[in-house]
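Working notes, beginning with the structure itself.
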Amino acid sequence: MTQDSAAPIIEIKGVTKNFGAVTALKGVDAVIHEGEFFSLLGPSGCGKTTLLRLIAGFEQVSGGTIAIGGKPMKDIPANQRPTNMVFQSYAIFPHLNVAENVGYGLKRKKLGREETAREVEQALDMVDLAGYGQRKAHELSGGQRQRVALARALVMRPKVILLDEPLSALDKKLRDQMQHELRRLQKSLGITFILVTHDQEEALIMSDRIAVIFDGAIAQLATPEDLYRRPATRRVASFIGVMNFLDATATGGNGAPYHLDIPALGKVEIAADQAPAGLDAACITSVGVRPEMFTITGDDTGPFEREVEGRVAGTDYYGDMTYYSVALPGAAAPVTISMRNTAGRAVAREGSTVTVGWGAESIVLLE
Amino acid sequence: MMGRAMRYASARWLVVYAVAYMIFLYAPVILLPLFAFNDGTVVAFPLTGFTTKWFGLLWSTEALHGAVRNSAFVAVSTALISTVLGACAARSASKYRFPGQRGVMGFIMLPLVLPEIIVAVALLVMLIQLGMSLSLWTVIAGHVLICTPFSIAILSSAFAGLEDSLEEASFDLGETRWGTFRRVTLPLIMPGVISSLLITFTISLDEFIIAFFLTGTDVTLPVYIWSQLRFPSKLPSVMALGTILLVLSVALLMVAEVFRRRAVRRQGMDGGSTQGLI
């Protein structure tokens, strides 16, 4: 999924941004590749939107440099940058119809009347709004406004499209649909997309790579799979999905396997390549286990590498899934275990004793 | 809405109050056209007959034509200048935050509540001190001073309804700052601009005290009317003039309101931001 071979399109080096006494970004480094779907993910107020606005040129960096297509962007205003933005509010011009909105930026390009109309129709076609050109802005639904905003950016043929939480105003069903459409469109056009979002699932579904931002700094920059499977810190681990944390002590490491002693599970050896690079065994005070990396054994499951007895302290039934809260002897708090409700599998009752299967690969090593 | 209206209507004394209020408000105004068409030099009942000669008289009064021209010039200039100034002030007040902003805005809005006679005397003293001669331009200066706060108040609400990201989107799409203003900002605040032009025009047109103090040899319409009131024989033609002004202002307001509604509809905007100002 990483595009090591692709050329860098945006290079961010040591970027800081202060608003008066408030530091929004404190030294961000990242390289975004051509044709990549890149997400800036973090809680609100973490600086992700500030970074996007710095790339767009709406704000000026306090320190560091941003280069787009190899060209430093210092002193280049937003209207001369090869980027176009899809705003959170969509910013559809209310006094113009759909075609005039989409063709807005083409006017400066001095295309002929017919060529403009053709470009606009083509862009509307891309976002499945063919024939909507004469609609008024206020006649559009939320999803349609979002498509118009996207078409308006696409028609400019920018090197990079910036999306500022574009789906947050849509209802869940429409959001799911737009996530896939955006992804499909980005792949077919090969344009670099940079998405700002606070929705972890959205970032995982859509992105080639994700930069997790906390407190104005990138906490981890990785592919969705790496981010989920090997979160760099405890904070990243609990921000992306659900993670059980279990007390542990470790020895070894430094290129050799880690020997872990986890009171709740027992002793286990973890391969060195399963840990974040350069993790010192002495720094390990806890390990993480994802809910689906535990299995409550039953008739339909095979033997497990390791098994441990536990007592069901609670269940949350979601239809397709059941989330169990299971107390393990030696664990400070019950662990969360998710199981698919497959055919023939009974939901274990509260208070019953169950066997929990796990393996060395279930364990996530954290600082 | 219906239920509410009916509940109010059923309160009988409120109807009585409303009717009495309307009579108090508009009865004197009705007198204007009544005496304007009355064939008698004395403005008193009983009416003596129908005539249009007072209107004919207006047509042939040269001094009046001069006053109308002067007033039109002053009112149009005032409307344009105070609306431009008001737009700048409203824009900066809605978009930027700077130290002492509330104080500065308060000072700009102050002429709204200052007694006009104070403003007029102060301006007159200052102009004399500066050795400037009185002309229509000094009247315009005085009118701009009192009209700008109205313009700011009207345009502030127009700018407040303008989303920041619209201008950013335009700039992001390659448009220049001036182009953004022309293609996005101006069309969206247009109803406010029209309201402002109209209201400042009207205020300037009928303003008397400042015009009286600051005018030179060229008088404006209100000052001319005042000068005519000294001659009882001129009273019926003043009534005729008043009638024309009355019809004109009502027509102007109606046209402006129609225009404003059309603009709001075309933009698909919520009319609430500018409603009730005209």
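Residue numbering restarts at 1 for every chain of the structure tokens, chains are lettered A, B, ... in their displayed order, and ligands are numbered from 1 as they appear.
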
Would you give me, as JSON lines, each residue of chain A having an atom within 8 Å of an atom of chain B, along with its shortest atom pair and that distance in Å to one decimal, using only C-alpha atoms and sorting by chain and residue number?
{"residue": "A:Ala56", "atom": "CA", "partner": "B:Asp172", "partner_atom": "CA", "distance": 7.6}
{"residue": "A:Phe58", "atom": "CA", "partner": "B:Glu168", "partner_atom": "CA", "distance": 7.6}
{"residue": "A:Ala78", "atom": "CA", "partner": "B:Asp172", "partner_atom": "CA", "distance": 5.4}
{"residue": "A:Asn79", "atom": "CA", "partner": "B:Gly174", "partner_atom": "CA", "distance": 4.0}
{"residue": "A:Gln80", "atom": "CA", "partner": "B:Gly174", "partner_atom": "CA", "distance": 6.2}
{"residue": "A:Thr83", "atom": "CA", "partner": "B:Asp172", "partner_atom": "CA", "distance": 7.7}
{"residue": "A:Asn84", "atom": "CA", "partner": "B:Asp172", "partner_atom": "CA", "distance": 6.1}
{"residue": "A:Met85", "atom": "CA", "partner": "B:Asp172", "partner_atom": "CA", "distance": 6.9}
{"residue": "A:Phe87", "atom": "CA", "partner": "B:Ser165", "partner_atom": "CA", "distance": 7.2}
{"residue": "A:Ser89", "atom": "CA", "partner": "B:Ser165", "partner_atom": "CA", "distance": 7.6}
{"residue": "A:Ala91", "atom": "CA", "partner": "B:Leu166", "partner_atom": "CA", "distance": 4.9}
{"residue": "A:Ile92", "atom": "CA", "partner": "B:Leu166", "partner_atom": "CA", "distance": 7.0}
{"residue": "A:Phe93", "atom": "CA", "partner": "B:Leu166", "partner_atom": "CA", "distance": 6.5}
{"residue": "A:Pro94", "atom": "CA", "partner": "B:Gln267", "partner_atom": "CA", "distance": 5.4}
{"residue": "A:His95", "atom": "CA", "partner": "B:Gln267", "partner_atom": "CA", "distance": 3.9}
{"residue": "A:Leu96", "atom": "CA", "partner": "B:Gln267", "partner_atom": "CA", "distance": 7.2}
{"residue": "A:Tyr104", "atom": "CA", "partner": "B:Leu173", "partner_atom": "CA", "distance": 7.3}
{"residue": "A:Gly105", "atom": "CA", "partner": "B:Leu173", "partner_atom": "CA", "distance": 4.8}
{"residue": "A:Arg108", "atom": "CA", "partner": "B:Glu175", "partner_atom": "CA", "distance": 6.7}
{"residue": "A:Lys136", "atom": "CA", "partner": "B:Gly268", "partner_atom": "CA", "distance": 7.7}
{"residue": "A:Ala137", "atom": "CA", "partner": "B:Gly268", "partner_atom": "CA", "distance": 7.2}
{"residue": "A:His138", "atom": "CA", "partner": "B:Gly268", "partner_atom": "CA", "distance": 5.6}
{"residue": "A:Ala153", "atom": "CA", "partner": "B:Leu173", "partner_atom": "CA", "distance": 7.5}
{"residue": "A:Met156", "atom": "CA", "partner": "B:Leu173", "partner_atom": "CA", "distance": 7.5}

Residue subset to file, keeping N, CA and C atoms, as a compact mmCIF listing (two decimals), in the first residue's frame:
# COMPACT_ATOMS: atom_id res chain seq x y z
N ALA A 56 -3.03 24.62 1.97
CA ALA A 56 -3.89 25.35 1.02
C ALA A 56 -3.41 26.79 0.82
N PHE A 58 -4.11 29.26 3.20
CA PHE A 58 -4.97 30.19 3.93
C PHE A 58 -4.28 30.74 5.17
N ALA A 78 -2.96 31.36 -1.71
CA ALA A 78 -3.83 30.21 -2.00
C ALA A 78 -4.30 30.19 -3.45
N ASN A 79 -4.50 31.38 -4.04
CA ASN A 79 -5.06 31.38 -5.40
C ASN A 79 -4.02 31.03 -6.47
N GLN A 80 -2.75 30.87 -6.05
CA GLN A 80 -1.74 30.46 -7.03
C GLN A 80 -1.16 29.09 -6.71
N THR A 83 -3.48 23.52 -5.46
CA THR A 83 -4.34 22.75 -4.56
C THR A 83 -5.74 23.33 -4.62
N ASN A 84 -6.73 22.48 -4.41
CA ASN A 84 -8.10 22.97 -4.27
C ASN A 84 -8.76 22.27 -3.10
N MET A 85 -9.62 23.02 -2.45
CA MET A 85 -10.16 22.57 -1.18
C MET A 85 -11.64 22.25 -1.28
N PHE A 87 -14.54 22.31 1.30
CA PHE A 87 -14.71 22.82 2.65
C PHE A 87 -15.71 21.99 3.44
N SER A 89 -18.06 23.06 5.21
CA SER A 89 -19.41 23.59 4.99
C SER A 89 -19.77 23.58 3.51
N ALA A 91 -19.22 25.42 1.20
CA ALA A 91 -19.03 26.77 0.64
C ALA A 91 -19.54 26.89 -0.79
N ILE A 92 -20.74 26.35 -1.04
CA ILE A 92 -21.37 26.52 -2.36
C ILE A 92 -21.85 27.97 -2.45
N PHE A 93 -21.49 28.64 -3.56
CA PHE A 93 -21.91 30.04 -3.71
C PHE A 93 -23.44 30.08 -3.87
N PRO A 94 -24.13 30.71 -2.92
CA PRO A 94 -25.59 30.60 -2.92
C PRO A 94 -26.27 31.37 -4.06
N HIS A 95 -25.54 32.33 -4.66
CA HIS A 95 -26.17 33.15 -5.71
C HIS A 95 -25.91 32.59 -7.10
N LEU A 96 -25.22 31.46 -7.17
CA LEU A 96 -24.92 30.86 -8.47
C LEU A 96 -25.57 29.48 -8.55
N TYR A 104 -16.78 28.16 -11.70
CA TYR A 104 -16.31 29.42 -11.10
C TYR A 104 -14.82 29.66 -11.35
N GLY A 105 -14.02 28.64 -11.07
CA GLY A 105 -12.58 28.81 -11.17
C GLY A 105 -12.08 28.83 -12.61
N ARG A 108 -11.20 32.33 -14.67
CA ARG A 108 -9.88 32.95 -14.67
C ARG A 108 -8.95 32.28 -15.67
N LYS A 136 -30.49 25.32 -8.65
CA LYS A 136 -30.04 26.38 -7.74
C LYS A 136 -29.35 25.74 -6.54
N ALA A 137 -28.48 26.51 -5.94
CA ALA A 137 -27.71 25.98 -4.80
C ALA A 137 -28.63 25.52 -3.67
N HIS A 138 -29.71 26.26 -3.43
CA HIS A 138 -30.57 25.93 -2.30
C HIS A 138 -31.50 24.76 -2.58
N ALA A 153 -13.77 21.54 -7.30
CA ALA A 153 -12.33 21.38 -7.09
C ALA A 153 -11.71 20.55 -8.22
N MET A 156 -10.71 22.06 -11.70
CA MET A 156 -9.49 22.87 -11.76
C MET A 156 -8.26 22.03 -12.07

Exercise. Can you list, as a list in words, every protein, DNA or RNA residue that comes within 12 Å of Gln122 in chain A when you count only C-alpha atoms, leaving out same-chain residues fewer than 3 positions away?
Worked result: Ala99, Val102, Gly103, Glu115, Thr116, Ala117, Arg118, Glu119, Asp125, Met126, Val127, Asp128, Leu129, Ala130, Gly131, Tyr132, Gly133, Ala151, Arg152, Leu154, Val155, Met156 and Arg157 of chain A

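Nearest residue to Ser39 in chain A among A:Ser352, A:Ser207, A:Ser62, A:Thr336 is A:Ser207, counting only C-alpha atoms.
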
Problem set entry | For Arg230 in chain A, the nearest of the candidates A:Ile205, A:Ile32, A:Leu366, A:Val212, counting only C-alpha atoms | A:Leu366

For this session: Please indicate the distance in Å from CA of Pro236 in chain B to CA of Leu57 in chain B, rounded to one decimal place.
Result: 9.8 Å

Problem set entry | Near-Leu241 in chain B list (12 Å; only C-alpha atoms; drop same-chain fewer than 2 positions) as a ChimeraX atom specification | /B:32-33,35-37,52,54-59,61,64-65,67-68,221-222,224-225,228,234-239,243-248

For this session: Run DSSP on the backbone of this structure and report the residues of range 122-262 of chain A it assigns to alpha helix (DSSP H), as a ChimeraX atom specification.
Result: /A:122-126,142-154,172-189,200-206,224-229,234-239

For this session: List the neighbours of range 171-182 of chain A out to 9 Å using only C-alpha atoms; skip same-chain residues closer than 4 positions along the sequence, and give me the result as a list in words.
Result: Val127, Gly143, Leu167, Gln186, Lys187, Glu202, Ile205 and Met206 of chain A

For this session: From range 6-168 of chain A, collect each residue whose DSSP state is strand (DSSP E) and return the set as an MDAnalysis selection string.
Result: chainID A and resid 8:19 22:33 37:41 63:68 71:72 83:86 160:164

For this session: Can you pull out every residue within 8 Å of Leu205 in chain B, counting only C-alpha atoms, but drop anything in the same chain fewer than 4 positions away, and send it as a PyMOL selection string?
Result: chain B and resi 71-72+74-75+201+221-222

Dump as a PDB file, in the first residue's frame, selection limited to all heavy atoms:
ATOM      1  N   SER B  71     -30.734  68.976  -3.343  1.00  0.00           N
ATOM      2  CA  SER B  71     -31.048  67.870  -2.440  1.00  0.00           C
ATOM      3  C   SER B  71     -30.701  66.528  -3.070  1.00  0.00           C
ATOM      4  O   SER B  71     -30.174  65.632  -2.410  1.00  0.00           O
ATOM      5  CB  SER B  71     -32.525  67.889  -2.066  1.00  0.00           C
ATOM      6  OG  SER B  71     -32.686  68.494  -0.812  1.00  0.00           O
ATOM      7  N   ALA B  72     -31.019  66.387  -4.346  1.00  0.00           N
ATOM      8  CA  ALA B  72     -30.719  65.138  -5.036  1.00  0.00           C
ATOM      9  C   ALA B  72     -29.216  64.898  -5.035  1.00  0.00           C
ATOM     10  O   ALA B  72     -28.739  63.791  -4.735  1.00  0.00           O
ATOM     11  CB  ALA B  72     -31.249  65.178  -6.469  1.00  0.00           C
ATOM     12  N   VAL B  74     -26.956  66.156  -2.934  1.00  0.00           N
ATOM     13  CA  VAL B  74     -26.493  65.887  -1.569  1.00  0.00           C
ATOM     14  C   VAL B  74     -26.885  64.465  -1.149  1.00  0.00           C
ATOM     15  O   VAL B  74     -26.066  63.710  -0.618  1.00  0.00           O
ATOM     16  CB  VAL B  74     -27.087  66.918  -0.574  1.00  0.00           C
ATOM     17  CG1 VAL B  74     -26.840  66.477   0.868  1.00  0.00           C
ATOM     18  CG2 VAL B  74     -26.473  68.285  -0.819  1.00  0.00           C
ATOM     19  N   ALA B  75     -28.126  64.098  -1.415  1.00  0.00           N
ATOM     20  CA  ALA B  75     -28.607  62.790  -0.953  1.00  0.00           C
ATOM     21  C   ALA B  75     -27.897  61.644  -1.668  1.00  0.00           C
ATOM     22  O   ALA B  75     -27.510  60.651  -1.046  1.00  0.00           O
ATOM     23  CB  ALA B  75     -30.118  62.686  -1.156  1.00  0.00           C
ATOM     24  N   PHE B 201     -30.028  57.696   1.725  1.00  0.00           N
ATOM     25  CA  PHE B 201     -30.592  58.657   0.785  1.00  0.00           C
ATOM     26  C   PHE B 201     -31.794  59.365   1.417  1.00  0.00           C
ATOM     27  O   PHE B 201     -31.914  60.584   1.386  1.00  0.00           O
ATOM     28  CB  PHE B 201     -31.014  57.939  -0.507  1.00  0.00           C
ATOM     29  CG  PHE B 201     -31.646  58.841  -1.537  1.00  0.00           C
ATOM     30  CD1 PHE B 201     -30.861  59.515  -2.459  1.00  0.00           C
ATOM     31  CD2 PHE B 201     -33.028  59.007  -1.582  1.00  0.00           C
ATOM     32  CE1 PHE B 201     -31.439  60.341  -3.404  1.00  0.00           C
ATOM     33  CE2 PHE B 201     -33.615  59.832  -2.523  1.00  0.00           C
ATOM     34  CZ  PHE B 201     -32.814  60.502  -3.443  1.00  0.00           C
ATOM     35  N   LEU B 221     -33.790  70.945  -0.178  1.00  0.00           N
ATOM     36  CA  LEU B 221     -35.246  70.980  -0.209  1.00  0.00           C
ATOM     37  C   LEU B 221     -35.876  71.297   1.153  1.00  0.00           C
ATOM     38  O   LEU B 221     -36.737  72.178   1.242  1.00  0.00           O
ATOM     39  CB  LEU B 221     -35.767  69.663  -0.786  1.00  0.00           C
ATOM     40  CG  LEU B 221     -37.179  69.678  -1.361  1.00  0.00           C
ATOM     41  CD1 LEU B 221     -37.357  70.790  -2.380  1.00  0.00           C
ATOM     42  CD2 LEU B 221     -37.492  68.323  -1.982  1.00  0.00           C
ATOM     43  N   PRO B 222     -35.487  70.595   2.237  1.00  0.00           N
ATOM     44  CA  PRO B 222     -36.094  70.923   3.534  1.00  0.00           C
ATOM     45  C   PRO B 222     -35.852  72.371   3.937  1.00  0.00           C
ATOM     46  O   PRO B 222     -36.745  73.023   4.485  1.00  0.00           O
ATOM     47  CB  PRO B 222     -35.391  69.965   4.500  1.00  0.00           C
ATOM     48  CG  PRO B 222     -34.924  68.845   3.654  1.00  0.00           C
ATOM     49  CD  PRO B 222     -34.579  69.456   2.328  1.00  0.00           C
TER      50      PRO B 222
END

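Minimum atom-to-atom distances from A:Gly359, A:Pro82, A:Pro231, A:Gly14 to Leu162 in chain A were compared using only C-alpha atoms, and the lowest value belongs to A:Pro82.
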
For this session: May I have the residues within 10 Å of Asp280 in chain A as a ChimeraX atom specification, using only C-alpha atoms and disregarding those fewer than 5 positions away in the same chain?
Result: /A:250-255,258,275,366-367

Create the file for the chosen residues now, containing N, CA, C and O atoms and written as a PDB file, in the first residue's frame.
ATOM      1  N   ALA A 250       9.033  -6.975  30.682  1.00  0.00           N
ATOM      2  CA  ALA A 250       9.707  -7.626  29.565  1.00  0.00           C
ATOM      3  C   ALA A 250      11.207  -7.605  29.743  1.00  0.00           C
ATOM      4  O   ALA A 250      11.770  -6.739  30.410  1.00  0.00           O
ATOM      5  N   THR A 251      11.836  -8.593  29.123  1.00  0.00           N
ATOM      6  CA  THR A 251      13.303  -8.611  29.008  1.00  0.00           C
ATOM      7  C   THR A 251      13.605  -8.937  27.557  1.00  0.00           C
ATOM      8  O   THR A 251      12.706  -9.269  26.785  1.00  0.00           O
ATOM      9  N   GLY A 252      14.899  -8.863  27.210  1.00  0.00           N
ATOM     10  CA  GLY A 252      15.281  -9.184  25.836  1.00  0.00           C
ATOM     11  C   GLY A 252      15.122  -7.969  24.945  1.00  0.00           C
ATOM     12  O   GLY A 252      15.321  -6.836  25.372  1.00  0.00           O
ATOM     13  N   GLY A 253      14.748  -8.208  23.722  1.00  0.00           N
ATOM     14  CA  GLY A 253      14.615  -7.116  22.757  1.00  0.00           C
ATOM     15  C   GLY A 253      15.960  -6.727  22.183  1.00  0.00           C
ATOM     16  O   GLY A 253      16.918  -7.520  22.204  1.00  0.00           O
ATOM     17  N   ASN A 254      16.061  -5.508  21.665  1.00  0.00           N
ATOM     18  CA  ASN A 254      17.283  -5.014  21.037  1.00  0.00           C
ATOM     19  C   ASN A 254      17.730  -5.940  19.907  1.00  0.00           C
ATOM     20  O   ASN A 254      18.879  -6.354  19.823  1.00  0.00           O
ATOM     21  N   GLY A 255      16.772  -6.324  19.072  1.00  0.00           N
ATOM     22  CA  GLY A 255      17.077  -7.210  17.951  1.00  0.00           C
ATOM     23  C   GLY A 255      16.726  -8.660  18.250  1.00  0.00           C
ATOM     24  O   GLY A 255      16.407  -9.423  17.348  1.00  0.00           O
ATOM     25  N   TYR A 258      11.511 -10.638  22.452  1.00  0.00           N
ATOM     26  CA  TYR A 258      11.163 -10.111  23.775  1.00  0.00           C
ATOM     27  C   TYR A 258      10.548 -11.242  24.590  1.00  0.00           C
ATOM     28  O   TYR A 258       9.736 -12.009  24.089  1.00  0.00           O
ATOM     29  N   ALA A 275       7.610  -5.745  17.196  1.00  0.00           N
ATOM     30  CA  ALA A 275       7.648  -4.557  18.049  1.00  0.00           C
ATOM     31  C   ALA A 275       8.016  -3.329  17.221  1.00  0.00           C
ATOM     32  O   ALA A 275       8.629  -3.450  16.170  1.00  0.00           O
ATOM     33  N   LEU A 366       3.972  -2.077  23.182  1.00  0.00           N
ATOM     34  CA  LEU A 366       3.854  -0.615  23.236  1.00  0.00           C
ATOM     35  C   LEU A 366       4.912  -0.054  24.163  1.00  0.00           C
ATOM     36  O   LEU A 366       5.366  -0.721  25.080  1.00  0.00           O
ATOM     37  N   GLU A 367       5.228   1.184  23.944  1.00  0.00           N
ATOM     38  CA  GLU A 367       6.117   1.882  24.856  1.00  0.00           C
ATOM     39  C   GLU A 367       5.423   2.111  26.174  1.00  0.00           C
ATOM     40  O   GLU A 367       4.245   2.475  26.176  1.00  0.00           O
TER      41      GLU A 367
END

Give me the residues within 12 Å of Ile363 in chain A as a compact mmCIF listing (two decimals) with C-alpha atoms, in the first residue's frame, counting only C-alpha atoms and dropping any in the same chain fewer than 5 places off.
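The result, written out as around_13.txt:
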# COMPACT_ATOMS: atom_id res chain seq x y z
CA ARG A 229 -1.82 -3.64 14.24
CA ARG A 230 1.23 -1.81 15.47
CA PRO A 231 0.26 1.45 17.11
CA MET A 243 -7.55 -1.90 22.80
CA ASN A 244 -7.20 -3.92 25.99
CA PHE A 245 -4.17 -2.92 28.03
CA LEU A 246 -2.62 -5.57 30.28
CA ASP A 247 0.20 -4.99 32.76
CA ALA A 248 3.43 -6.67 31.68
CA TYR A 258 11.16 -10.11 23.77
CA HIS A 259 10.32 -12.29 26.78
CA LEU A 260 7.14 -11.01 28.32
CA ASP A 261 5.58 -11.78 31.66
CA ILE A 262 1.90 -10.86 31.53
CA LEU A 265 -2.06 -14.34 30.42
CA GLY A 266 1.28 -15.88 31.40
CA LYS A 267 4.76 -15.78 29.93
CA VAL A 268 5.22 -15.46 26.18
CA GLU A 269 7.97 -14.84 23.66
CA ILE A 270 7.39 -12.17 21.00
CA ALA A 271 9.42 -11.92 17.80
CA GLN A 274 6.52 -7.51 15.94
CA ALA A 275 7.65 -4.56 18.05
CA SER A 286 1.90 -2.94 29.50
CA VAL A 287 0.89 -4.71 26.30
CA GLY A 288 -2.17 -4.29 24.12
CA VAL A 289 -4.58 -6.89 22.79
CA ARG A 290 -7.36 -6.06 20.32
CA PRO A 291 -10.82 -7.45 21.23
CA GLU A 292 -10.87 -9.67 18.12
CA MET A 293 -7.42 -11.09 18.91
CA PHE A 294 -8.95 -13.02 21.80
CA ARG A 306 -2.45 -20.46 24.34
CA TRP A 358 -4.90 -16.23 22.23
